[in-house]
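A.B. asks: Provided below: run32.cif, containing mmCIF, C-alpha atoms and all ligand atoms.
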```cif
data_coords
loop_
_atom_site.label_atom_id
_atom_site.label_comp_id
_atom_site.auth_asym_id
_atom_site.auth_seq_id
_atom_site.Cartn_x
_atom_site.Cartn_y
_atom_site.Cartn_z
CA MET D 23 211.24 94.56 195.70
CA ALA D 24 207.79 95.88 195.27
CA SER D 25 205.39 93.82 193.33
CA PRO D 26 204.79 95.27 189.85
CA SER D 27 201.23 93.99 189.93
CA ARG D 28 200.39 96.11 192.91
CA PRO D 29 199.32 99.27 191.08
CA THR D 30 196.86 97.21 188.99
CA ARG D 31 195.30 95.80 192.09
CA VAL D 32 194.88 99.27 193.52
CA SER D 33 193.31 100.69 190.38
CA SER D 34 190.86 97.90 189.69
CA PRO D 35 188.23 99.07 192.22
CA LEU D 36 188.81 102.55 190.85
CA LEU D 37 188.12 101.32 187.32
CA LEU D 38 185.08 99.49 188.54
CA GLY D 39 183.81 102.66 190.14
CA LEU D 40 184.48 104.63 186.99
CA GLY D 41 182.66 102.06 184.89
CA PHE D 42 179.74 102.19 187.23
CA LEU D 43 179.68 105.96 187.04
CA ILE D 44 179.71 105.91 183.23
CA ALA D 45 176.87 103.38 183.21
CA LEU D 46 174.92 105.57 185.59
CA ILE D 47 175.43 108.66 183.43
CA ALA D 48 174.42 106.74 180.29
CA PHE D 49 171.31 105.50 182.03
CA ALA D 50 170.39 108.99 183.25
CA LEU D 51 171.03 110.43 179.80
CA GLN D 52 168.87 107.81 178.15
CA PHE D 53 166.11 108.52 180.65
CA TYR D 54 166.50 112.26 180.04
CA ILE D 55 166.30 111.86 176.26
CA ARG D 56 163.30 109.56 176.46
CA LYS D 57 161.54 111.96 178.79
CA HIS D 58 162.38 115.08 176.84
CA LEU D 59 162.44 113.85 173.24
CA ARG D 60 165.26 114.88 170.99
CA PRO D 61 164.34 117.80 168.72
CA ARG D 62 163.01 116.39 165.45
CA LEU D 63 160.60 117.06 162.63
CA TRP D 64 156.93 116.49 163.35
CA THR D 65 153.88 116.05 161.20
CA VAL D 66 150.52 117.49 162.22
CA GLU D 67 149.21 113.93 162.77
CA GLU D 68 152.14 112.94 165.01
CA LEU D 69 151.89 116.11 167.04
CA SER D 70 148.17 115.59 167.60
CA LEU D 71 148.88 112.49 169.72
CA TYR D 72 150.78 114.59 172.28
CA ASN D 73 147.73 116.48 173.44
CA GLY D 74 148.01 115.52 177.10
CA THR D 75 145.24 112.94 177.22
CA GLU D 76 147.66 110.00 177.28
CA ASP D 77 149.37 109.86 180.68
CA GLY D 78 152.64 108.25 179.52
CA LEU D 79 153.27 110.74 176.70
CA PRO D 80 154.77 114.20 177.00
CA ILE D 81 152.56 117.16 176.18
CA LEU D 82 153.65 119.09 173.11
CA LEU D 83 152.58 122.41 171.70
CA GLY D 84 153.38 124.16 168.43
CA ILE D 85 153.76 127.87 167.87
CA LEU D 86 154.96 129.31 164.55
CA GLY D 87 155.99 125.76 163.72
CA SER D 88 158.31 125.42 166.71
CA VAL D 89 157.38 122.51 168.93
CA PHE D 90 157.81 122.66 172.70
CA ASP D 91 157.53 120.12 175.47
CA VAL D 92 155.18 121.69 177.99
CA THR D 93 154.77 118.61 180.18
CA LYS D 94 156.02 120.49 183.24
CA GLY D 95 152.98 122.77 182.87
CA LYS D 96 150.62 119.80 182.91
CA THR D 97 148.04 121.50 185.13
CA HIS D 98 147.60 124.16 182.42
CA TYR D 99 148.21 122.13 179.26
CA GLY D 100 146.64 118.86 180.31
CA PRO D 101 142.92 118.02 180.10
CA GLY D 102 140.86 120.54 182.03
CA GLY D 103 143.67 123.12 182.01
CA GLY D 104 143.13 126.62 180.71
CA TYR D 105 145.70 126.15 177.90
CA HIS D 106 144.69 122.62 176.95
CA HIS D 107 143.49 123.73 173.50
CA PHE D 108 147.10 124.61 172.60
CA SER D 109 148.27 121.04 173.22
CA GLY D 110 148.95 118.64 170.35
CA ARG D 111 148.65 121.33 167.69
CA ASP D 112 149.89 124.64 166.37
CA ALA D 113 147.20 127.17 167.21
CA SER D 114 149.43 130.23 166.74
CA ARG D 115 146.53 132.53 165.94
CA ALA D 116 144.67 131.72 169.14
CA PHE D 117 147.51 133.21 171.23
CA VAL D 118 146.29 136.64 170.20
CA SER D 119 142.72 136.07 169.06
CA GLY D 120 141.66 134.18 172.18
CA ASN D 121 139.33 132.26 169.87
CA PHE D 122 139.58 128.59 170.85
CA THR D 123 136.62 127.35 168.88
CA GLY D 124 136.63 125.57 165.54
CA ASP D 125 138.73 127.37 162.96
CA GLY D 126 139.99 129.75 165.61
CA LEU D 127 142.54 127.05 166.47
CA THR D 128 144.63 127.63 163.36
CA ASP D 129 148.28 128.37 162.70
CA SER D 130 147.36 130.97 160.08
CA LEU D 131 148.06 134.58 160.99
CA HIS D 132 146.33 135.87 157.88
CA GLY D 133 144.90 139.35 158.34
CA LEU D 134 146.35 139.97 161.79
CA SER D 135 147.83 143.37 162.51
CA THR D 136 151.56 144.01 162.84
CA MET D 137 151.13 144.34 166.58
CA GLU D 138 149.29 141.02 166.83
CA VAL D 139 151.92 139.23 164.74
CA LYS D 140 154.62 140.68 166.99
CA SER D 141 152.72 139.39 169.97
CA VAL D 142 152.67 135.81 168.61
CA VAL D 143 156.44 136.02 168.01
CA ASP D 144 156.82 137.23 171.61
CA TRP D 145 154.87 134.16 172.75
CA ARG D 146 157.30 131.91 170.89
CA LYS D 147 160.14 133.62 172.77
CA PHE D 148 158.30 132.91 176.01
CA TYR D 149 158.23 129.18 175.22
CA MET D 150 161.87 129.24 174.09
CA GLU D 151 162.87 130.61 177.46
CA ARG D 152 160.68 128.47 179.68
CA TYR D 153 160.12 125.15 177.97
CA ILE D 154 162.10 122.49 176.13
CA PHE D 155 162.39 122.82 172.37
CA ALA D 156 161.19 119.56 170.82
CA GLY D 157 161.61 120.27 167.12
CA LYS D 158 159.77 121.69 164.14
CA LEU D 159 156.37 121.06 162.68
CA VAL D 160 156.37 120.42 158.94
CA GLY D 161 153.75 122.59 157.28
CA ARG D 162 153.11 126.30 157.14
CA TYR D 163 156.29 127.40 158.92
CA TYR D 164 158.85 124.69 158.10
CA ASP D 165 159.29 122.63 154.97
CA SER D 166 159.93 118.88 154.96
CA GLN D 167 163.66 119.57 155.40
CA GLY D 168 163.04 121.69 158.47
CA ASN D 169 163.92 124.92 156.68
CA PRO D 170 161.89 128.04 157.49
CA THR D 171 159.27 128.80 154.86
CA LYS D 172 158.64 132.13 153.18
CA TYR D 173 155.61 132.43 155.40
CA LEU D 174 157.70 132.20 158.57
CA LYS D 175 160.21 134.72 157.24
CA GLY D 176 157.33 137.06 156.40
CA VAL D 177 155.92 136.71 159.91
CA GLU D 178 159.30 137.34 161.51
CA SER D 179 160.04 140.42 159.45
CA LYS D 180 156.58 141.80 160.15
CA ALA D 181 157.15 141.32 163.88
CA LYS D 182 160.56 142.97 163.63
CA ARG D 183 159.05 145.94 161.83
CA GLY D 184 156.42 146.12 164.56
CA ALA D 185 159.10 146.21 167.27
CA GLN D 186 160.91 149.02 165.44
CA LEU D 187 157.71 151.03 165.00
CA LEU D 188 156.85 150.56 168.64
CA GLU D 189 160.30 151.74 169.70
CA LYS D 190 160.06 154.76 167.42
CA GLN D 191 156.64 155.61 168.80
CA LYS D 192 157.91 155.31 172.37
CA ILE D 193 160.78 157.70 171.69
CA GLU D 194 158.50 160.10 169.83
CA GLU D 195 155.84 160.11 172.53
CA ALA D 196 158.36 160.49 175.33
CA LYS D 197 159.05 164.00 173.98
CA ILE D 198 155.55 165.04 174.97
CA PRO D 199 154.49 163.48 178.28
CA SER D 200 151.15 161.75 178.57
CA CYS D 201 148.42 163.15 180.81
CA ASN D 202 147.69 161.70 184.21
CA SER D 203 144.33 160.01 184.35
CA LYS D 204 141.96 158.44 186.79
CA TRP D 205 138.55 156.94 186.73
CA SER D 206 135.99 156.18 189.39
CA GLU D 207 132.41 155.01 189.23
CA GLN D 208 131.06 158.08 191.05
CA GLU D 209 133.13 160.76 189.41
CA GLY D 210 133.80 159.25 186.01
CA GLY D 211 137.06 159.92 184.23
CA GLU D 212 139.51 162.77 184.54
CA VAL D 213 142.73 163.69 182.78
CA TRP D 214 145.16 166.33 184.02
CA CYS D 215 148.61 167.77 183.56
CA GLU D 216 151.09 168.87 186.22
CA THR D 217 152.80 171.06 183.67
CA GLY D 218 151.08 171.98 180.44
CA TYR D 219 147.56 171.47 179.17
CA PRO D 220 145.72 168.27 178.19
CA ARG D 221 145.11 167.76 174.50
CA LEU D 222 143.99 164.75 172.50
CA VAL D 223 146.46 163.79 169.77
CA LYS D 224 146.51 161.06 167.17
CA ARG D 225 149.10 158.32 167.53
CA PRO D 226 150.31 158.02 163.94
CA GLY D 227 152.28 154.86 164.62
CA ASP D 228 149.14 153.00 165.59
CA ILE D 229 147.78 152.84 162.06
CA ALA D 230 150.81 150.83 160.98
CA LEU D 231 150.79 148.77 164.17
CA THR D 232 147.15 147.94 164.73
CA GLY D 233 145.41 149.13 161.59
CA LYS D 234 143.34 151.50 163.69
CA ILE D 235 143.66 155.17 164.46
CA SER D 236 143.95 155.83 168.15
CA GLN D 237 144.51 158.89 170.28
CA ARG D 238 146.26 159.65 173.50
CA CYS D 239 146.13 162.51 175.96
CA ALA D 240 149.34 164.51 176.10
CA CYS D 241 150.46 167.59 178.02
CA PHE D 242 151.45 170.55 175.81
CA LYS D 243 153.09 173.76 176.91
CA GLU D 244 151.21 176.97 176.26
CA GLU D 245 153.43 177.94 173.31
CA GLU D 246 152.78 174.53 171.70
CA LEU D 247 149.00 174.79 171.77
CA GLY D 248 148.85 176.25 168.27
CA ARG D 249 150.22 173.06 166.69
CA PRO D 250 147.96 171.38 164.15
CA GLY D 251 146.14 168.23 165.15
CA LEU D 252 145.63 169.06 168.84
CA GLU D 253 142.11 168.53 170.04
CA VAL D 254 140.69 170.30 173.09
CA TYR D 255 138.56 168.03 175.28
CA LYS D 256 134.85 168.58 174.94
CA ASP D 257 133.48 171.02 177.54
CA CYS D 258 136.99 171.77 178.75
CA ASP D 259 138.47 175.26 178.82
CA TYR D 260 141.32 176.12 176.45
CA LEU D 261 143.70 176.69 179.36
CA SER D 262 142.28 174.24 181.88
CA LYS D 263 144.83 171.88 183.47
CA SER D 264 142.24 169.20 184.07
CA CYS D 265 139.35 167.85 182.01
CA ARG D 266 136.48 165.47 182.66
CA VAL D 267 136.23 162.71 180.10
C1 LIG D 301 144.83 113.08 171.71
O1 LIG D 301 145.85 112.12 171.83
C2 LIG D 301 145.40 110.78 171.87
C3 LIG D 301 146.59 109.85 172.04
O2 LIG D 301 147.59 110.43 172.82
C4 LIG D 301 144.68 110.42 170.60
O3 LIG D 301 144.16 109.11 170.70
C5 LIG D 301 143.55 111.42 170.36
O4 LIG D 301 142.97 111.17 169.12
C6 LIG D 301 144.09 112.83 170.39
N1 LIG D 301 143.00 113.79 170.25
C7 LIG D 301 142.94 114.64 169.23
C8 LIG D 301 141.78 115.57 169.25
O5 LIG D 301 143.76 114.65 168.32
C1 LIG D 302 136.21 132.00 166.13
O1 LIG D 302 136.68 131.66 164.86
C2 LIG D 302 135.72 131.04 164.02
C3 LIG D 302 136.38 130.64 162.73
O2 LIG D 302 137.15 131.67 162.20
C4 LIG D 302 134.55 131.99 163.81
O3 LIG D 302 133.55 131.36 163.02
C5 LIG D 302 133.98 132.39 165.16
O4 LIG D 302 132.96 133.36 164.97
C6 LIG D 302 135.06 132.95 166.04
N1 LIG D 302 134.51 133.20 167.36
C7 LIG D 302 134.77 134.31 168.03
C8 LIG D 302 134.19 134.40 169.41
O5 LIG D 302 135.41 135.25 167.57
#
```
Once more with this new file: its structure as structure tokens, please.
C.D. replies:
Amino acid sequence: MASPSRPTRVSSPLLLGLGFLIALIAFALQFYIRKHLRPRLWTVEELSLYNGTEDGLPILLGILGSVFDVTKGKTHYGPGGGYHHFSGRDASRAFVSGNFTGDGLTDSLHGLSTMEVKSVVDWRKFYMERYIFAGKLVGRYYDSQGNPTKYLKGVESKAKRGAQLLEKQKIEEAKIPSCNSKWSEQEGGEVWCETGYPRLVKRPGDIALTGKISQRCACFKEEELGRPGLEVYKDCDYLSKSCRV
């Protein structure tokens, strides 16, 4: 008769192994959480400690009130790195202004163009994809409950509008191809068309996007040259295929 206690004896090293494995996973998980911080709410003061100067602490950065752990980019975000001024704070504006001095390091996007606001939102996406989300910063973009503020919603809808305008402009401009262009120190600039004739045209979308009127060079067919708003390049013949600029 086989001993009924036998199966227990067989399984006890198995159980031991399993227990060990669980302990190992728990330990690794704890280490992981400590290293990567669980997403939480941050105050400006708390965030400011994670600026990369303290070796044992992770490096955190805020953008549009989202906080990211950028420790793996220490060479850039740590002291002496090119992005160090983004560490330990939300300097959303500086992502597009490039102004890292004094009040330039603010999270206010006041007065920025639609295109610039879209660009900051694109930066946030960049961090979402490449770094670890570490929570939300209470202030301009999130309230004390971690809910998005009106300001954040305004920023996001402005960026969305910008993306739509940009798409519309791309589709619109694809109908009339842009000129080829080149520039060299000796010969200066030149624009030309393989088919059609170079004309300067306003880019109407740009006023809404950047607040400025800009122009592009586009190639129009001969029968289109009578359209309003087309500008012949200075010192260039009406039917020349190439113009110096
Ligand atoms: C940077 O962080 C350290 C602690 O990690 C803190 O003592 C220091 O005040 C912080 N610097 C700024 C400018 O907040
Ligand atoms: C940076 O921003 C500050 C504050 O808004 C301003 O005084 C300064 O002139 C700006 N610097 C540059 C280079 O734009």
A.B. asks: Take atom CA of Val118 of chain D and atom CA of Asp144 of chain D and report the distance between them in Å, one decimal.
C.D. replies: 10.6 Å
A.B. asks: Let me know the centre plus edge lengths, in Å and rounded to one decimal, of a box with edges along x, y and z that contains all listed atoms of ligand LIG 302 (chain D) and is padded by 3 Å on every side, as lines of an AutoDock Vina configuration file.
C.D. replies:
```
center_x = 135.1
center_y = 132.9
center_z = 165.8
size_x = 10.2
size_y = 10.6
size_z = 13.2
```
A.B. asks: Taking all atoms listed in the file and a cut-off of 12 Å, can you tell me which residues surround ligand LIG 301 (chain D), written as a count of residues only?
C.D. replies: 28
A.B. asks: Once you count all atoms listed in the file, which residues end up within 7 Å of ligand LIG 302 (chain D), and could you hand them over as a PyMOL selection string?
C.D. replies: chain D and resi 121-126
A.B. asks: Please determine the residues with any atom at most 12 Å from (164.8, 126.6, 159.5) (coordinates as given in the file, with only C-alpha atoms counting) and report them as a short mmCIF file (atom, residue, chain, number, x, y, z; two decimals) with C-alpha atoms, in the coordinates of the input.
C.D. replies:
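Final file, selection_5.cif:
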```cif
data_model
loop_
_atom_site.label_atom_id
_atom_site.label_comp_id
_atom_site.auth_asym_id
_atom_site.auth_seq_id
_atom_site.Cartn_x
_atom_site.Cartn_y
_atom_site.Cartn_z
CA ARG D 62 163.01 116.39 165.45
CA LEU D 63 160.60 117.06 162.63
CA LEU D 86 154.96 129.31 164.55
CA GLY D 87 155.99 125.76 163.72
CA SER D 88 158.31 125.42 166.71
CA GLY D 157 161.61 120.27 167.12
CA LYS D 158 159.77 121.69 164.14
CA LEU D 159 156.37 121.06 162.68
CA VAL D 160 156.37 120.42 158.94
CA GLY D 161 153.75 122.59 157.28
CA ARG D 162 153.11 126.30 157.14
CA TYR D 163 156.29 127.40 158.92
CA TYR D 164 158.85 124.69 158.10
CA ASP D 165 159.29 122.63 154.97
CA SER D 166 159.93 118.88 154.96
CA GLN D 167 163.66 119.57 155.40
CA GLY D 168 163.04 121.69 158.47
CA ASN D 169 163.92 124.92 156.68
CA PRO D 170 161.89 128.04 157.49
CA THR D 171 159.27 128.80 154.86
CA LYS D 172 158.64 132.13 153.18
CA TYR D 173 155.61 132.43 155.40
CA LEU D 174 157.70 132.20 158.57
CA LYS D 175 160.21 134.72 157.24
#
```
A.B. asks: If we count only C-alpha atoms and set the cut-off at 9 Å, which residues sit around Tyr260 of chain D, ignoring sequence neighbours fewer than 5 positions away in its own chain? Please answer as number ranges by chain.
C.D. replies: D: 219, 254-255
A.B. asks: Kindly indicate which residue among D:Ile193, D:Asn202, D:Gly84, D:Lys180 lies nearest to Tyr149 of chain D, using only C-alpha atoms for the distances.
C.D. replies: D:Gly84
A.B. asks: Which value, in Å to one decimal, gives the distance between atom CA of Met137 of chain D and atom CA of Lys224 of chain D?
C.D. replies: 17.4 Å
A.B. asks: Which one is closest to Trp145 of chain D: D:Ala185, D:Pro61, D:Ser114, D:Thr128? Count all atoms listed in the file.
C.D. replies: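 Checking each of D:Ala185, D:Pro61, D:Ser114, D:Thr128 against Trp145 of chain D, counting all atoms listed in the file, the winner is D:Ser114.
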A.B. asks: Return the single residue from D:Lys256, D:Lys94, D:Arg249, D:Arg146 that is closest to Glu178 of chain D, with distances computed using all atoms listed in the file.
C.D. replies: D:Arg146
A.B. asks: Between atom CA of Tyr105 of chain D and atom CA of Gly120 of chain D, what distance in Å does the model show, to one decimal?
C.D. replies: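 Between atom CA of Tyr105 of chain D and atom CA of Gly120 of chain D the gap works out to 10.7 Å.
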A.B. asks: Rank nothing, just name the residue among D:Leu83, D:Val139, D:Ala45, D:Leu134 nearest to Ala156 of chain D, using all atoms listed in the file.
C.D. replies: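 Ranking D:Leu83, D:Val139, D:Ala45, D:Leu134 by distance to Ala156 of chain D, first place goes to D:Leu83.
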A.B. asks: If you count all atoms listed in the file, which residues fall within 9 Å of Leu188 of chain D, apart from same-chain ones fewer than 2 positions away, as a tab-separated table (two decimals) with C-alpha atoms, in the frame of the given file?
C.D. replies:
```
chain	number	residue	atom	x	y	z
D	137	MET	CA	151.13	144.34	166.58
D	183	ARG	CA	159.05	145.94	161.83
D	184	GLY	CA	156.42	146.12	164.56
D	185	ALA	CA	159.10	146.21	167.27
D	186	GLN	CA	160.91	149.02	165.44
D	190	LYS	CA	160.06	154.76	167.42
D	191	GLN	CA	156.64	155.61	168.80
D	192	LYS	CA	157.91	155.31	172.37
D	193	ILE	CA	160.78	157.70	171.69
D	227	GLY	CA	152.28	154.86	164.62
D	228	ASP	CA	149.14	153.00	165.59
D	231	LEU	CA	150.79	148.77	164.17
```
A.B. asks: Show me as a short mmCIF file (atom, residue, chain, number, x, y, z; two decimals) with C-alpha atoms, keeping the file's coordinate frame the residues that reach within 7 Å of (147.5, 136.2, 171.0), counting all atoms listed in the file and using the file's own coordinates.
C.D. replies:
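Below is the file result23.cif, written as the result:
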```
data_model
loop_
_atom_site.label_atom_id
_atom_site.label_comp_id
_atom_site.auth_asym_id
_atom_site.auth_seq_id
_atom_site.Cartn_x
_atom_site.Cartn_y
_atom_site.Cartn_z
CA ARG D 115 146.53 132.53 165.94
CA ALA D 116 144.67 131.72 169.14
CA PHE D 117 147.51 133.21 171.23
CA VAL D 118 146.29 136.64 170.20
CA SER D 119 142.72 136.07 169.06
CA GLY D 120 141.66 134.18 172.18
CA GLU D 138 149.29 141.02 166.83
CA SER D 141 152.72 139.39 169.97
CA VAL D 142 152.67 135.81 168.61
#
```
A.B. asks: Between D:Cys201, D:Val223, D:Leu247, D:Leu38, which has the minimum distance to Ser264 of chain D (counting all atoms listed in the file)?
C.D. replies: D:Cys201
